[in-house]
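Q: Below is a structure I'd like to ask you about.
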Amino acid sequence: MIISVNWLKKFTNIDVTIDELATLIGSRLVEIEEVIDLGKKYQGIIVSKVVECEKLEGSDHLNVTKIDDGGRAVDVERDENGLVQVVCGAPNVRAGMLVAWLPPNSTVPESFNDKEPFVLGARKLRGVMSNGMLASAKELDLFEDHTGILEVDADAAPGSDFAEVYELNDYLLDIENKSLTHRPDTFGIVGFAREVAAIQGNAFHTPDWLNQLQPHLDVQDAIEAPSVTIDDPALSDRYQAIILNGASGAAQSPIHIQSYLARVGVRPINAIVDVTNYLMMLTGQPLHAFDYDKVIAVAGGRADIHVRAGHDKETLELLDGRTIELTSEDIVIASGDTAIGLAGAMGGASTLIDNNTKNIILESATFNLYNLRATQMRHGIFSEAITRFTKGQPAELTAPVLAEAARLMGEYADAQVVTNVAEAYPGEKNPQQIVLSTKTINDTLGSKFMSADVIDTLHNVEFSTELVDDFTVKTVAPYWRADIHIAEDIIEEVGRLNGFDTIEPTLPLRDFTAVHPAEFDTLRAQIRKSLVRAGANEVLTYSFVHGEVLKKAGQDVENSYRITNSISPDLQYYRQTLTPSLLGLIYANVKQGYDQFAIFEVNKTHPKQHGLTDENVPEEVDMIALTVTSKKVKNGSAYYDAKKMLDYLGVSLGLDLHYSPIDADPNYAVSAPFEYRRAALVTDRKTDTFIGIVGEYKKSVSRAFKLPEHTAGFEIGTLALYQAVTKLTSDYMPLSRYPGTERDICFQVNQSINYGDIVACAEAVLQDSNLETTITPIDIYQAENSNTKNVTIRIKLTAHDRTLTGDEIAVVMQRVVLAAVERLRATIV
Amino acid sequence: MTNIDELRADLLARITQSNDPRSILKADEIKQLYTVIPTLDPSERGSYGKAVNALKVVLEAAVVERESTLEDSTVVPLDVTAPWDVNATALQLLSTEQGTQHPLTRELENVIDIFTRMGFEAIESRQIDDDHHMFGALNFPENHPARDGYDTFRTEEGFIPPAHTSTMQHRILKAGKAKLEAGGNIAAVSYGRVFRNEDVDATHEHTFYQCEGIFVSSDATLGQMLGTLRSFFEVYYGQKLKIKTQPAYFPFVEPGLEFAIEKPAALGGKPGDWLEMLGCGMIHPNVLRAADIDPEKYRGFAWGGGIERLVMLKYGIEDLRHFESGKLQFLRKFNS
């Protein structure tokens, strides 16, 4: 929204510089995105009088003029009478006309923001000297006008500064609308000026006509007023209409009106339309004019206006030429039963004002903002009017604005009001009284206002206010403050208008009770740090994935919540697990030249199969996934690289992870990408907690994500890990004072025997030995084409009460051997 | 036609037996089908061509299936219990120097650590929620224009990927009510991912991180809110800071403000440079009431701001898109 500072000044004093004003508005009203110095664009333009005007010989359209600039321009060639010669091609140029002259060295305003602005000079046209130019409204960047040069309509002497005559030495404030969503009053210049007065500490006085809630209308030769019906009071609080005749569709509004409209971004059209727009920009109340004769023609000769919901399948041609299909959420204006306008949004083509219009119906109304908002979205209408209507303009405002519109249309378009106001007003409300104490204000803000400060502040923005007692204020907001309902609204007004920045920052008091960091967060931080130490890189990837990513990973899209309004198919499904997102990153990084790396993510997943929580929202599943890949360095299968990292993570958290083979593809979202024959289920042995899965990926997955052959990873549940870690008890064992002894032992077993089976077998024996024992792997060897493998482990035995003798050790080792021979058919090598 | 049907049965049988099923797609019998076309009556050519194409589709599908069966049968099971592979040597982890934590999670840990020390409990925000928590309980009536500013995604079921961490506010208030009524305060931060349905460029992301704070007590003031926020940023930047505010409208607070700090010297700030850090305000009575907390007895303040901005300012990161790009080139810059 653009606010003109000069327009504000018509309603309030501004005693500060533009920079100070912008800062003040920023801290006490709304963010200003940009301050535009409009005056720069109009520097040096001189109001001049055309004294002589003659056809240029040999040209069919050029005239040679002599103009009187009051002698203002310097360094310009003048004749003996001090007049300046300018050649002009406009059809409307004539002697006696007052014009805007752009002297040499001035810039054409229309080109002001161009890369190379057009700077005028003195040059010969067809051999005749021409100094600068006489400008059209378009060249002055005011509005489109094809009739020729602009005729200055103000009472100004030649030599006057053009910018001053039309108050173009102005600053424009580009306002960030969003934070005024709740303030319909500030969408009009008067309302904005009220705020500007009050934040400077000044009292504002609303123009009298805006305070006339039952204004007098000068009705001549009255005819019957139209009938107005609001069919459903939920659609509109108030609808008013009057009929004017004699309106000239061709009449133009004065240039100062047009120039104010143009500078705030509204295109001037004709006096009728300009008046409605001018009042809308001034007050925030949109108006709409219909061609009366067209309206009654639709209803068989009667002016019978209805505000109603759209019917199903009903269509309406809008004035922009589009035909739209209505729904019952749209509000329409109907003549009889025929829709003639989309209420609050856009008029219909059938009742459009044109150059032949004689009589108009002028509407001033409010509509249900929620319906209008839906209409706005559905039909893509973003006009100045609907922007204001959807903020919820107060119903009281329709009357004074309608009366002022009638007056201005009389003045600028010779229109005459011929009916009294026709009205339906189902939404009349009583003013609301709010009583609150100064103490409540200060207790909420942490401020030190006196009751007198509160009264003054509220008076400045025209709240009617009185003291109930020394410390209690009773106040009623003016009708235009539809946003004021509760004490907090008054507290905000007092704080804001005096400046929140004037409130002393303090700290709440608290006792020394320590706040515990959330244990789950602490664990996740530990996990991250552990995996980082293991050389992995943490990534964050989107919570949404493309359906193809799910399919590539072997997951069922039906198990994902689907986003219906996604900007891109890449973000269509909630992910079920983290692994597919990681797999999607491998190829690009390998291509970037990273040969060996591991990436991991700690995040939430949302598989649909987990159902809903007690609050009826989807369960979120916290997961940790890691993928490790290597293009060059290989030492056996990739599975073991992933397992190594998971083992490291487990150890760093105090867990003892156990890996069991998988018999058949488990068909879960988590296991879907993994090749079950080269993957393991992971359990913590200390707490018997199932954690997740580690393994290589299916060949189809590997191919779909273009993974290097040597790639594997894991995906584990963070909550499971947390539950395991919280269950841990200390397994610390006092140190032995006696040395331990190590023995290596090599078993030859059938290749189907697992390493874990051998360790389990040895452990079972050692458990009964009353010794502290550890088993470490040393070597796993299998000769080519052999169906047996040699597994060497190192067993360390320590007693806590003596040094073990060689015989004792031999006995224990012998029992281990016997067990292995018996249970695993091992031979000792 | 019989010819084609017979051929189909024959070729399908061969494919299910073959170790190189794809070679069967190039069989002479198929090529010969095409040589027949010119000899046919023109009226028959169309339907014949269609039948040949249908045959090729069926065969291709069979080949893909057979290939996958073959591939599956070549999978060699591993001894998943072993510490390393057969004939391999003991494995090493990757080099610690190349390991990195993501700058966003690192900064979140830092931010949460400061708030924890200030007395705030931390709760992670949800990544999927409902209209009630996202809007309804936060004083956003149905169809309210203020909802437009959030550009929310929706799922088929009507769930919402939250557009702000305030989606946790109602839960925190409900959970803290008992403590409040026992004479304590509610002091919590919620942090996590939020989502806006907008196009991505160097300064816009549809996915980003926020941290939200809530404080409710019997005597909370707006002055305390300003003091708390200033204190946080002074600890975060390790220096005294000037602050300023700007009125703003969020339906769940009243008054509502935007909060800015003077750009710290550490970030190359000069006096008069301001950084808008977050939105904040006194919790709207309707929001307290929705959690069954009596707004006549208790008041609170809340704030929420983005995490990416803190990280970008700290390191001078030029493009928001790096964060979720998964590029090692970017991630490995944070190994200190």
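Going through the structure tokens in order, the chains are called A, B, and so on, while each chain numbers its residues from 1 and the ligands are numbered from 1 in the order shown.
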Might you pull out every residue within 8 Å of stretch 278-295 of chain B, with only C-alpha atoms counted and same-chain residues fewer than 3 positions away left off, and present them as a ChimeraX atom specification?
A: /A:488 /B:137-139,170-171,173-174,177,221-222,225,248,251-260,298-306
Q: Can you tell me how far atom CA of A:Ala135 sits from atom CA of A:Trp101, in Å to one decimal?
A: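 So the two atoms, atom CA of A:Ala135 and atom CA of A:Trp101, lie 6.2 Å apart.
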Q: Report, in Å to a single decimal, how far apart atom CA of A:Leu369 and atom CA of A:Arg496 are.
A: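 Atom-to-atom, atom CA of A:Arg496 and atom CA of A:Leu369 are spaced 26.4 Å apart.
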Q: Please report, as a PyMOL selection string, each residue of stretch 580-757 of chain A to which DSSP assigns alpha helix (DSSP H) when run on this structure's backbone.
A: chain A and resi 580-591+638-652+699-704+718-727+755-757
Q: Pick out the closest residue to B:Asn110 from this set: B:Leu11, B:Ile214, B:Val235, B:Leu313. Count only C-alpha atoms.
A: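 Residue with the minimum atom-to-atom distance to B:Asn110: B:Val235.
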